[in-house]
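This report refers to the structure that appears directly beneath it.
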Amino acid sequence: MKCKRCRGNAEIQVRHHNAAYCRDCFIFCFQRQVERAIDKEHMFSRDDEVLVAVSGGKDSLALWDALVALGYRTTGLHLALGIGAYSASSTQKTEAFARLGGLQLITARLEEDGLAVPTVVARTRRPACAACGTIKRHYFDRLAFEHGFAVLATGHNLDDEAARLLGNVLRWQTHHLGKQQPVLGSTHERFARKVKPLFRLSEYETAVYAFVRGIDYVIDECPNSEGATQLLYKDALNRLEAVMPGTKLTFLQDFLRLGRPRFATEIDGPPGSCGRCGMPAYAAVCGFCALLGDTDTRRSQRVIPASNDAS
Ligand code: SF4
Ligand SMILES: [Zn+2]
Ligand SMILES: [Zn+2]
């Protein structure tokens, strides 16, 4: 097998592009695809300071690595979620990556705010991923705003986006379909523009990139991800992809070109401001403050019977 770019010995096959590469050319092509996505979708320029959400997994670290190699100005943002050994390892890998590259990293520890995911789940009895998603969105938005970043980049890859699209289509979530795009412009003074530079690169490609770049990332999945519907959608798409290479890319690309514009009118108008924290909200309080309210309510519900007993 010959490398498509230099005609040397190929080691890495990318089936959906019907191509194979040597290590160096794979790295070059991966980074070039990231750069193209950024330019073509007008995500940001080399003058922008970009905040990169880094979980410690392969996708976000591969993204950060590629952005640094391409000469973009970046700062990492890591949330230590407080999910036992998984979070400890995620934080350790992220901090080690930043230290090794001499990169700037902001780490927020939810435990210090009394908001470790298991604590919130125990107090509210909400599903772990729903609570975690609400907390993460709020911290990303708030920290981007507080640190003055206009752009927030995440490591969502092609598999993530195709699985999300499949889920939205299966339930005809027209509102979500209208918003599903690689660049989400700012609709509130406290909202950074959200961008996904890896949206055309598959999970396989980011895993190979992380491997050939020697990135030490957390391999274990979050214990709460077991049985997540997102994994079911990914599995279904992987089966289609195995028989019809290119299915995921075509599904997503054609949706963005042909489908999404038809749902654009389904999007809400710009959000207002949360009456409690001032962050963007579509109701009187934002989802995060509603979650906090829930933790308070449950806590006081537990206290009342105890004091009644005592009287
Ligand atoms: S799997 Fe769920 S709980 Fe775990 S990090 Fe992801 S969203 Fe959070
Ligand atoms: Zn080559
Ligand atoms: Zn709020």
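Ligands are numbered from 1 in the order shown, residues from 1 within each chain, and chains are lettered A, B, ... in the order they appear in the structure tokens.
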Per DSSP on the backbone, what are the helix (DSSP H, G or I) residues of stretch 28-268 of chain A, as a compact mmCIF listing (two decimals) with N, CA and C atoms, in the first residue's frame?
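Printed below is part_36.txt as written:
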```
# COMPACT_ATOMS: atom_id res chain seq x y z
N PHE A 28 0.01 15.51 8.61
CA PHE A 28 -0.12 16.70 7.77
C PHE A 28 -1.57 16.86 7.29
N CYS A 29 -2.15 15.77 6.78
CA CYS A 29 -3.51 15.84 6.22
C CYS A 29 -4.56 16.11 7.32
N PHE A 30 -4.35 15.51 8.49
CA PHE A 30 -5.28 15.72 9.61
C PHE A 30 -5.28 17.21 9.97
N GLN A 31 -4.09 17.75 10.14
CA GLN A 31 -4.01 19.17 10.53
C GLN A 31 -4.56 20.07 9.43
N ARG A 32 -4.31 19.68 8.18
CA ARG A 32 -4.83 20.51 7.08
C ARG A 32 -6.36 20.48 7.06
N GLN A 33 -6.93 19.33 7.39
CA GLN A 33 -8.41 19.26 7.43
C GLN A 33 -8.97 20.13 8.55
N VAL A 34 -8.26 20.17 9.68
CA VAL A 34 -8.70 21.03 10.78
C VAL A 34 -8.64 22.49 10.32
N GLU A 35 -7.55 22.85 9.69
CA GLU A 35 -7.37 24.24 9.23
C GLU A 35 -8.43 24.62 8.19
N ARG A 36 -8.71 23.69 7.29
CA ARG A 36 -9.72 23.96 6.26
C ARG A 36 -11.10 24.18 6.87
N ALA A 37 -11.44 23.32 7.84
CA ALA A 37 -12.76 23.45 8.50
C ALA A 37 -12.85 24.82 9.16
N ILE A 38 -11.77 25.24 9.81
CA ILE A 38 -11.76 26.54 10.51
C ILE A 38 -11.95 27.68 9.51
N ASP A 39 -11.23 27.60 8.39
CA ASP A 39 -11.31 28.68 7.39
C ASP A 39 -12.65 28.66 6.66
N LYS A 40 -13.04 27.49 6.21
CA LYS A 40 -14.25 27.39 5.39
C LYS A 40 -15.51 27.79 6.16
N LYS A 58 -9.24 11.59 23.86
CA LYS A 58 -8.42 11.69 22.64
C LYS A 58 -8.85 12.85 21.74
N ASP A 59 -10.17 13.11 21.65
CA ASP A 59 -10.64 14.11 20.69
C ASP A 59 -10.21 15.52 21.08
N SER A 60 -10.47 15.87 22.34
CA SER A 60 -10.15 17.24 22.74
C SER A 60 -8.64 17.47 22.79
N LEU A 61 -7.87 16.45 23.20
CA LEU A 61 -6.41 16.64 23.22
C LEU A 61 -5.85 16.67 21.80
N ALA A 62 -6.43 15.86 20.91
CA ALA A 62 -5.99 15.89 19.49
C ALA A 62 -6.29 17.27 18.90
N LEU A 63 -7.46 17.81 19.24
CA LEU A 63 -7.82 19.15 18.73
C LEU A 63 -6.83 20.19 19.24
N TRP A 64 -6.57 20.17 20.53
CA TRP A 64 -5.67 21.16 21.12
C TRP A 64 -4.28 21.05 20.47
N ASP A 65 -3.81 19.81 20.34
CA ASP A 65 -2.51 19.57 19.72
C ASP A 65 -2.46 20.13 18.30
N ALA A 66 -3.50 19.86 17.51
CA ALA A 66 -3.51 20.32 16.11
C ALA A 66 -3.56 21.85 16.05
N LEU A 67 -4.36 22.46 16.92
CA LEU A 67 -4.47 23.93 16.89
C LEU A 67 -3.13 24.58 17.23
N VAL A 68 -2.45 24.00 18.22
CA VAL A 68 -1.14 24.55 18.61
C VAL A 68 -0.15 24.38 17.45
N ALA A 69 -0.15 23.17 16.84
CA ALA A 69 0.77 22.91 15.73
C ALA A 69 0.50 23.85 14.55
N GLY A 84 -15.08 10.24 40.49
CA GLY A 84 -14.13 9.23 40.97
C GLY A 84 -12.82 9.16 40.20
N ALA A 85 -12.37 7.92 39.98
CA ALA A 85 -11.07 7.67 39.35
C ALA A 85 -11.05 8.18 37.91
N TYR A 86 -12.20 8.14 37.25
CA TYR A 86 -12.27 8.60 35.86
C TYR A 86 -11.89 10.08 35.76
N SER A 87 -12.48 10.89 36.65
CA SER A 87 -12.17 12.33 36.61
C SER A 87 -10.74 12.60 37.04
N ALA A 88 -10.28 11.85 38.06
CA ALA A 88 -8.90 12.07 38.53
C ALA A 88 -7.92 11.83 37.39
N SER A 89 -8.15 10.75 36.64
CA SER A 89 -7.25 10.42 35.54
C SER A 89 -7.38 11.45 34.41
N SER A 90 -8.61 11.90 34.12
CA SER A 90 -8.83 12.91 33.06
C SER A 90 -8.07 14.19 33.37
N THR A 91 -8.16 14.62 34.61
CA THR A 91 -7.49 15.86 35.02
C THR A 91 -5.98 15.70 34.95
N GLN A 92 -5.52 14.54 35.42
CA GLN A 92 -4.07 14.31 35.42
C GLN A 92 -3.51 14.32 33.99
N LYS A 93 -4.22 13.68 33.04
CA LYS A 93 -3.74 13.63 31.65
C LYS A 93 -3.77 15.02 31.02
N THR A 94 -4.82 15.77 31.32
CA THR A 94 -4.94 17.11 30.74
C THR A 94 -3.83 18.01 31.27
N GLU A 95 -3.62 17.97 32.57
CA GLU A 95 -2.58 18.83 33.16
C GLU A 95 -1.19 18.43 32.66
N ALA A 96 -0.97 17.13 32.50
CA ALA A 96 0.33 16.66 32.01
C ALA A 96 0.55 17.14 30.57
N PHE A 97 -0.50 17.08 29.74
CA PHE A 97 -0.39 17.53 28.35
C PHE A 97 -0.04 19.02 28.29
N ALA A 98 -0.72 19.80 29.12
CA ALA A 98 -0.48 21.25 29.13
C ALA A 98 0.95 21.55 29.61
N ARG A 99 1.36 20.84 30.64
CA ARG A 99 2.70 21.06 31.20
C ARG A 99 3.78 20.73 30.17
N LEU A 100 3.59 19.60 29.51
CA LEU A 100 4.57 19.13 28.51
C LEU A 100 4.71 20.13 27.36
N GLY A 101 3.58 20.70 26.95
CA GLY A 101 3.61 21.63 25.81
C GLY A 101 3.80 23.08 26.23
N LEU A 110 -15.22 21.09 40.15
CA LEU A 110 -16.62 21.18 40.59
C LEU A 110 -16.77 20.84 42.07
N GLU A 111 -15.92 19.94 42.56
CA GLU A 111 -15.98 19.55 43.97
C GLU A 111 -15.83 20.77 44.88
N GLU A 112 -14.95 21.69 44.46
CA GLU A 112 -14.70 22.88 45.30
C GLU A 112 -15.93 23.76 45.39
N ASP A 113 -16.83 23.65 44.40
CA ASP A 113 -18.08 24.42 44.44
C ASP A 113 -19.24 23.56 44.99
N VAL A 117 -20.37 15.91 40.05
CA VAL A 117 -21.54 15.31 39.39
C VAL A 117 -22.27 14.30 40.28
N PRO A 118 -21.56 13.36 40.95
CA PRO A 118 -22.30 12.41 41.79
C PRO A 118 -23.08 13.08 42.93
N THR A 119 -22.53 14.18 43.46
CA THR A 119 -23.22 14.90 44.54
C THR A 119 -24.53 15.50 44.01
N VAL A 120 -24.45 16.14 42.85
CA VAL A 120 -25.64 16.77 42.27
C VAL A 120 -26.69 15.71 41.92
N VAL A 121 -26.23 14.59 41.38
CA VAL A 121 -27.15 13.51 41.02
C VAL A 121 -27.86 12.98 42.26
N ALA A 122 -27.09 12.79 43.35
CA ALA A 122 -27.69 12.27 44.59
C ALA A 122 -28.72 13.26 45.14
N ARG A 123 -28.44 14.56 44.99
CA ARG A 123 -29.34 15.55 45.56
C ARG A 123 -30.58 15.79 44.72
N THR A 124 -30.44 15.66 43.40
CA THR A 124 -31.57 16.03 42.52
C THR A 124 -32.28 14.81 41.93
N ALA A 128 -27.51 11.30 35.40
CA ALA A 128 -26.16 11.86 35.53
C ALA A 128 -25.78 12.72 34.34
N CYS A 129 -26.04 12.23 33.12
CA CYS A 129 -25.58 12.97 31.94
C CYS A 129 -26.37 14.27 31.75
N ALA A 130 -27.63 14.28 32.16
CA ALA A 130 -28.42 15.51 32.04
C ALA A 130 -27.86 16.57 32.99
N ALA A 131 -27.60 16.17 34.24
CA ALA A 131 -27.05 17.11 35.22
C ALA A 131 -25.66 17.56 34.79
N CYS A 132 -24.85 16.61 34.37
CA CYS A 132 -23.48 16.91 33.96
C CYS A 132 -23.47 17.86 32.76
N GLY A 133 -24.34 17.60 31.79
CA GLY A 133 -24.41 18.46 30.59
C GLY A 133 -24.78 19.89 30.95
N THR A 134 -25.74 20.05 31.85
CA THR A 134 -26.17 21.39 32.27
C THR A 134 -25.02 22.12 32.97
N ILE A 135 -24.34 21.40 33.86
CA ILE A 135 -23.22 22.01 34.60
C ILE A 135 -22.10 22.40 33.63
N LYS A 136 -21.77 21.47 32.73
CA LYS A 136 -20.66 21.74 31.80
C LYS A 136 -20.97 22.96 30.94
N ARG A 137 -22.17 23.01 30.37
CA ARG A 137 -22.53 24.14 29.50
C ARG A 137 -22.38 25.45 30.26
N HIS A 138 -22.88 25.46 31.50
CA HIS A 138 -22.83 26.69 32.29
C HIS A 138 -21.38 27.10 32.57
N TYR A 139 -20.57 26.17 33.00
CA TYR A 139 -19.17 26.50 33.33
C TYR A 139 -18.40 26.94 32.08
N PHE A 140 -18.62 26.25 30.97
CA PHE A 140 -17.93 26.66 29.73
C PHE A 140 -18.31 28.10 29.37
N ASP A 141 -19.61 28.36 29.37
CA ASP A 141 -20.07 29.70 28.98
C ASP A 141 -19.56 30.75 29.96
N ARG A 142 -19.70 30.47 31.25
CA ARG A 142 -19.35 31.46 32.25
C ARG A 142 -17.84 31.73 32.27
N LEU A 143 -17.04 30.65 32.20
CA LEU A 143 -15.59 30.85 32.24
C LEU A 143 -15.07 31.52 30.97
N ALA A 144 -15.67 31.18 29.83
CA ALA A 144 -15.28 31.87 28.58
C ALA A 144 -15.57 33.36 28.72
N PHE A 145 -16.74 33.68 29.25
CA PHE A 145 -17.11 35.10 29.44
C PHE A 145 -16.19 35.78 30.45
N GLU A 146 -16.00 35.14 31.60
CA GLU A 146 -15.20 35.77 32.67
C GLU A 146 -13.74 35.98 32.26
N LEU A 158 -16.75 13.69 13.83
CA LEU A 158 -17.78 13.28 12.87
C LEU A 158 -18.75 12.26 13.48
N ASP A 159 -18.21 11.30 14.23
CA ASP A 159 -19.07 10.27 14.83
C ASP A 159 -20.05 10.89 15.83
N ASP A 160 -19.55 11.85 16.63
CA ASP A 160 -20.43 12.53 17.60
C ASP A 160 -21.55 13.26 16.88
N GLU A 161 -21.17 13.99 15.84
CA GLU A 161 -22.15 14.82 15.14
C GLU A 161 -23.15 13.98 14.35
N ALA A 162 -22.66 12.89 13.73
CA ALA A 162 -23.57 12.03 12.96
C ALA A 162 -24.54 11.31 13.92
N ALA A 163 -24.03 10.88 15.08
CA ALA A 163 -24.90 10.20 16.06
C ALA A 163 -25.95 11.18 16.61
N ARG A 164 -25.52 12.40 16.84
CA ARG A 164 -26.46 13.41 17.33
C ARG A 164 -27.53 13.69 16.28
N LEU A 165 -27.09 13.76 15.04
CA LEU A 165 -28.04 14.00 13.95
C LEU A 165 -29.05 12.85 13.85
N LEU A 166 -28.55 11.63 13.94
CA LEU A 166 -29.46 10.47 13.87
C LEU A 166 -30.49 10.53 15.00
N GLY A 167 -30.03 10.85 16.21
CA GLY A 167 -30.95 10.96 17.36
C GLY A 167 -31.99 12.04 17.13
N ASN A 168 -31.56 13.18 16.60
CA ASN A 168 -32.49 14.29 16.36
C ASN A 168 -33.50 13.93 15.27
N VAL A 169 -33.05 13.18 14.27
CA VAL A 169 -33.95 12.79 13.18
C VAL A 169 -34.95 11.74 13.66
N LEU A 170 -34.46 10.78 14.44
CA LEU A 170 -35.35 9.70 14.88
C LEU A 170 -36.51 10.24 15.72
N THR A 174 -37.00 19.06 15.62
CA THR A 174 -36.77 20.09 14.60
C THR A 174 -36.01 21.30 15.19
N HIS A 175 -36.29 21.59 16.43
CA HIS A 175 -35.64 22.69 17.11
C HIS A 175 -34.11 22.44 17.20
N HIS A 176 -33.75 21.21 17.57
CA HIS A 176 -32.33 20.86 17.67
C HIS A 176 -31.69 20.78 16.29
N LEU A 177 -32.47 20.29 15.31
CA LEU A 177 -31.93 20.18 13.94
C LEU A 177 -31.55 21.56 13.40
N GLY A 178 -32.36 22.55 13.74
CA GLY A 178 -32.09 23.92 13.28
C GLY A 178 -30.78 24.46 13.84
N LYS A 179 -30.40 23.94 15.03
CA LYS A 179 -29.21 24.47 15.70
C LYS A 179 -27.96 23.63 15.45
N GLU A 203 -13.91 9.50 14.53
CA GLU A 203 -13.33 9.06 15.80
C GLU A 203 -12.07 8.23 15.55
N TYR A 204 -12.12 7.42 14.50
CA TYR A 204 -10.96 6.60 14.13
C TYR A 204 -9.77 7.52 13.81
N GLU A 205 -10.02 8.56 13.03
CA GLU A 205 -8.93 9.47 12.65
C GLU A 205 -8.35 10.21 13.86
N THR A 206 -9.22 10.65 14.77
CA THR A 206 -8.68 11.36 15.95
C THR A 206 -7.90 10.38 16.85
N ALA A 207 -8.37 9.14 16.92
CA ALA A 207 -7.66 8.14 17.74
C ALA A 207 -6.29 7.87 17.13
N VAL A 208 -6.23 7.73 15.80
CA VAL A 208 -4.94 7.47 15.14
C VAL A 208 -4.03 8.69 15.30
N TYR A 209 -4.60 9.88 15.14
CA TYR A 209 -3.80 11.10 15.28
C TYR A 209 -3.20 11.17 16.68
N ALA A 210 -4.04 10.93 17.70
CA ALA A 210 -3.55 10.97 19.08
C ALA A 210 -2.43 9.94 19.28
N PHE A 211 -2.61 8.78 18.68
CA PHE A 211 -1.60 7.72 18.83
C PHE A 211 -0.28 8.11 18.15
N VAL A 212 -0.35 8.53 16.89
CA VAL A 212 0.90 8.83 16.18
C VAL A 212 1.58 10.09 16.71
N PRO A 223 -17.89 6.23 33.64
CA PRO A 223 -18.78 5.12 34.06
C PRO A 223 -20.25 5.40 33.78
N ASN A 224 -20.61 6.67 33.66
CA ASN A 224 -22.02 7.00 33.40
C ASN A 224 -22.41 6.86 31.93
N SER A 225 -21.42 6.63 31.06
CA SER A 225 -21.75 6.59 29.62
C SER A 225 -22.32 5.24 29.21
N THR A 229 -27.79 6.36 24.96
CA THR A 229 -28.39 6.18 23.62
C THR A 229 -27.43 6.64 22.53
N GLN A 230 -26.61 7.63 22.85
CA GLN A 230 -25.63 8.13 21.88
C GLN A 230 -24.74 6.98 21.37
N LEU A 231 -24.39 6.05 22.28
CA LEU A 231 -23.53 4.93 21.90
C LEU A 231 -24.28 3.97 20.98
N LEU A 232 -25.57 3.85 21.22
CA LEU A 232 -26.41 3.00 20.37
C LEU A 232 -26.46 3.56 18.94
N TYR A 233 -26.61 4.86 18.84
CA TYR A 233 -26.63 5.51 17.52
C TYR A 233 -25.28 5.36 16.83
N LYS A 234 -24.22 5.50 17.61
CA LYS A 234 -22.88 5.36 17.03
C LYS A 234 -22.69 3.95 16.49
N ASP A 235 -23.15 2.99 17.26
CA ASP A 235 -23.02 1.60 16.86
C ASP A 235 -23.79 1.34 15.55
N ALA A 236 -25.01 1.87 15.47
CA ALA A 236 -25.83 1.68 14.26
C ALA A 236 -25.11 2.30 13.05
N LEU A 237 -24.56 3.48 13.24
CA LEU A 237 -23.87 4.15 12.14
C LEU A 237 -22.59 3.41 11.76
N ASN A 238 -21.90 2.85 12.77
CA ASN A 238 -20.69 2.08 12.47
C ASN A 238 -21.00 0.85 11.62
N ARG A 239 -22.15 0.26 11.88
CA ARG A 239 -22.52 -0.92 11.08
C ARG A 239 -22.78 -0.52 9.63
N LEU A 240 -23.45 0.60 9.45
CA LEU A 240 -23.69 1.09 8.08
C LEU A 240 -22.37 1.45 7.41
N GLU A 241 -21.50 2.10 8.19
CA GLU A 241 -20.21 2.56 7.66
C GLU A 241 -19.35 1.36 7.20
N ALA A 242 -19.44 0.25 7.96
CA ALA A 242 -18.63 -0.92 7.62
C ALA A 242 -19.02 -1.47 6.24
N VAL A 243 -20.29 -1.37 5.92
CA VAL A 243 -20.77 -1.89 4.63
C VAL A 243 -20.68 -0.80 3.56
N THR A 247 -20.67 6.71 4.71
CA THR A 247 -22.07 6.99 5.09
C THR A 247 -22.17 8.14 6.09
N LYS A 248 -21.34 8.10 7.13
CA LYS A 248 -21.45 9.13 8.19
C LYS A 248 -21.17 10.51 7.63
N LEU A 249 -20.11 10.59 6.83
CA LEU A 249 -19.71 11.90 6.30
C LEU A 249 -20.79 12.45 5.37
N THR A 250 -21.33 11.60 4.52
CA THR A 250 -22.36 12.05 3.58
C THR A 250 -23.63 12.44 4.35
N PHE A 251 -23.98 11.63 5.35
CA PHE A 251 -25.17 11.90 6.16
C PHE A 251 -25.08 13.31 6.76
N LEU A 252 -23.93 13.60 7.37
CA LEU A 252 -23.77 14.89 8.05
C LEU A 252 -23.62 16.04 7.05
N GLN A 253 -22.76 15.84 6.06
CA GLN A 253 -22.51 16.92 5.10
C GLN A 253 -23.77 17.32 4.34
N ASP A 254 -24.51 16.30 3.90
CA ASP A 254 -25.72 16.61 3.12
C ASP A 254 -26.80 17.23 4.01
N PHE A 255 -26.81 16.82 5.28
CA PHE A 255 -27.75 17.48 6.20
C PHE A 255 -27.39 18.96 6.32
N LEU A 256 -26.11 19.25 6.51
CA LEU A 256 -25.71 20.65 6.70
C LEU A 256 -26.00 21.47 5.44
N ARG A 257 -25.85 20.84 4.28
CA ARG A 257 -26.06 21.56 3.01
C ARG A 257 -27.54 21.66 2.65
N LEU A 258 -28.26 20.55 2.80
CA LEU A 258 -29.63 20.50 2.30
C LEU A 258 -30.70 20.54 3.39
N GLY A 259 -30.42 19.88 4.51
CA GLY A 259 -31.46 19.71 5.53
C GLY A 259 -31.56 20.86 6.51
N ARG A 260 -30.43 21.24 7.07
CA ARG A 260 -30.46 22.22 8.17
C ARG A 260 -31.13 23.55 7.80
N PRO A 261 -30.86 24.09 6.60
CA PRO A 261 -31.49 25.37 6.27
C PRO A 261 -33.02 25.31 6.39
N ARG A 262 -33.59 24.12 6.18
CA ARG A 262 -35.05 24.00 6.26
C ARG A 262 -35.58 24.08 7.68
N PHE A 263 -34.67 23.87 8.65
CA PHE A 263 -35.10 23.92 10.05
C PHE A 263 -34.66 25.20 10.74
N ALA A 264 -34.01 26.07 9.97
CA ALA A 264 -33.43 27.28 10.59
C ALA A 264 -34.50 28.13 11.26
N THR A 265 -35.72 28.11 10.75
CA THR A 265 -36.78 28.95 11.32
C THR A 265 -37.29 28.41 12.66
N GLU A 266 -36.87 27.16 12.98
CA GLU A 266 -37.34 26.54 14.23
C GLU A 266 -36.56 27.03 15.46
```
Nearby residues, ligand 2, 10 Å, only C-alpha atoms and all ligand atoms, as a CSV table (one decimal) with C-alpha atoms, in the first residue's frame:
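This went into pocket21.csv:
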```csv
chain,number,residue,atom,x,y,z
A,2,LYS,CA,1.4,3.4,-1.0
A,3,CYS,CA,0.9,6.7,0.8
A,4,LYS,CA,-1.5,8.8,-1.3
A,5,ARG,CA,0.6,11.9,-0.7
A,6,CYS,CA,4.3,10.9,-0.8
A,7,ARG,CA,4.1,7.4,-2.4
A,8,GLY,CA,6.2,6.0,0.4
A,9,ASN,CA,5.0,3.0,2.5
A,10,ALA,CA,1.5,3.6,3.9
A,11,GLU,CA,0.6,2.6,7.4
A,12,ILE,CA,-2.8,4.2,8.0
A,20,ALA,CA,-3.8,5.4,2.8
A,21,TYR,CA,-1.0,7.5,4.3
A,22,CYS,CA,2.4,7.2,6.0
A,23,ARG,CA,2.5,8.7,9.5
A,24,ASP,CA,3.9,12.1,8.6
A,25,CYS,CA,1.5,12.6,5.7
A,26,PHE,CA,-1.4,11.5,7.9
A,27,ILE,CA,-0.5,14.1,10.5
A,28,PHE,CA,-0.1,16.7,7.8
A,29,CYS,CA,-3.5,15.8,6.2
```
For the interface of chain A with ligand 3 (cut-off 9 Å, counting only C-alpha atoms and all ligand atoms), please tabulate each contacting residue of chain A alongside its nearest pair of atoms and their separation in Å to one decimal, rows sorted by chain and increasing number, as CSV.
```
residue,atom,partner,partner_atom_place_in_ligand_line,distance
A:His138,CA,ligand 3,1 (Zn),8.2
A:Ser273,CA,ligand 3,1 (Zn),7.9
A:Cys274,CA,ligand 3,1 (Zn),4.7
A:Gly275,CA,ligand 3,1 (Zn),6.6
A:Arg276,CA,ligand 3,1 (Zn),5.0
A:Cys277,CA,ligand 3,1 (Zn),4.0
A:Gly278,CA,ligand 3,1 (Zn),6.0
A:Met279,CA,ligand 3,1 (Zn),5.5
A:Pro280,CA,ligand 3,1 (Zn),7.4
A:Ala281,CA,ligand 3,1 (Zn),7.1
A:Ala284,CA,ligand 3,1 (Zn),8.6
A:Val285,CA,ligand 3,1 (Zn),5.2
A:Cys286,CA,ligand 3,1 (Zn),4.2
A:Gly287,CA,ligand 3,1 (Zn),6.7
A:Phe288,CA,ligand 3,1 (Zn),5.6
A:Cys289,CA,ligand 3,1 (Zn),4.3
A:Ala290,CA,ligand 3,1 (Zn),7.3
A:Leu292,CA,ligand 3,1 (Zn),8.9
```
- prompt: Skipping near chain neighbours, those fewer than 3 positions away, what residues fall within 12 Å of A:Thr74 using only C-alpha atoms, listed as a ChimeraX atom specification?
  reply: /A:44-54,63-71,77,98,101-106,149-153
task: Go through A:Gly155, A:Pro245, A:Pro270, A:Gly227 one by one, measure the shortest atom-to-atom distance of each to ligand 1 using only C-alpha atoms and all ligand atoms, and give the residue with the smallest value.
output: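 Under the stated criterion, the closest residue is A:Gly227.
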query: Which is closest to ligand 1 among A:Ile267, A:Ala116, A:Val183, A:Met244, if we use only C-alpha atoms and all ligand atoms?
result: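 Among the listed residues, A:Ala116 lies closest to ligand 1.
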query: Separation of atom 2 (Fe, counted along the ligand's line) of ligand 1 and atom CA of A:Ala228, in Å?
result: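 Calculated distance between atom 2 (Fe, counted along the ligand's line) of ligand 1 and atom CA of A:Ala228 is 8.2 Å.
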query: When you draw a straight line from atom CA of A:Asn18 to atom CA of A:Met1, how long is it in Å?
result: 11.9 Å
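Counting only C-alpha atoms and all ligand atoms and comparing A:Cys222, A:Gln180, A:Met43, A:Ser186, the residue that lies closest to ligand 1 is A:Cys222.
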message: Please return, as a PyMOL selection string, all residues of stretch 149-258 of chain A that DSSP assigns to strand (DSSP E) on the basis of the backbone.
response: chain A and resi 151-153+183-184+193-195
- prompt: So how far away is atom CA of A:Leu201 from atom CA of A:His16, in Å?
  reply: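 So the two atoms, atom CA of A:His16 and atom CA of A:Leu201, lie 10.3 Å apart.
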message: Ranking A:Leu115, A:Val195, A:Leu81, A:Val14 by minimum distance to A:Asp296 and counting only C-alpha atoms, which one comes first?
response: A:Leu115
field: For ligand 1, the nearest of the candidates A:Gly269, A:Gly185, A:Pro127, A:Gly76, counting only C-alpha atoms and all ligand atoms
entry: A:Pro127
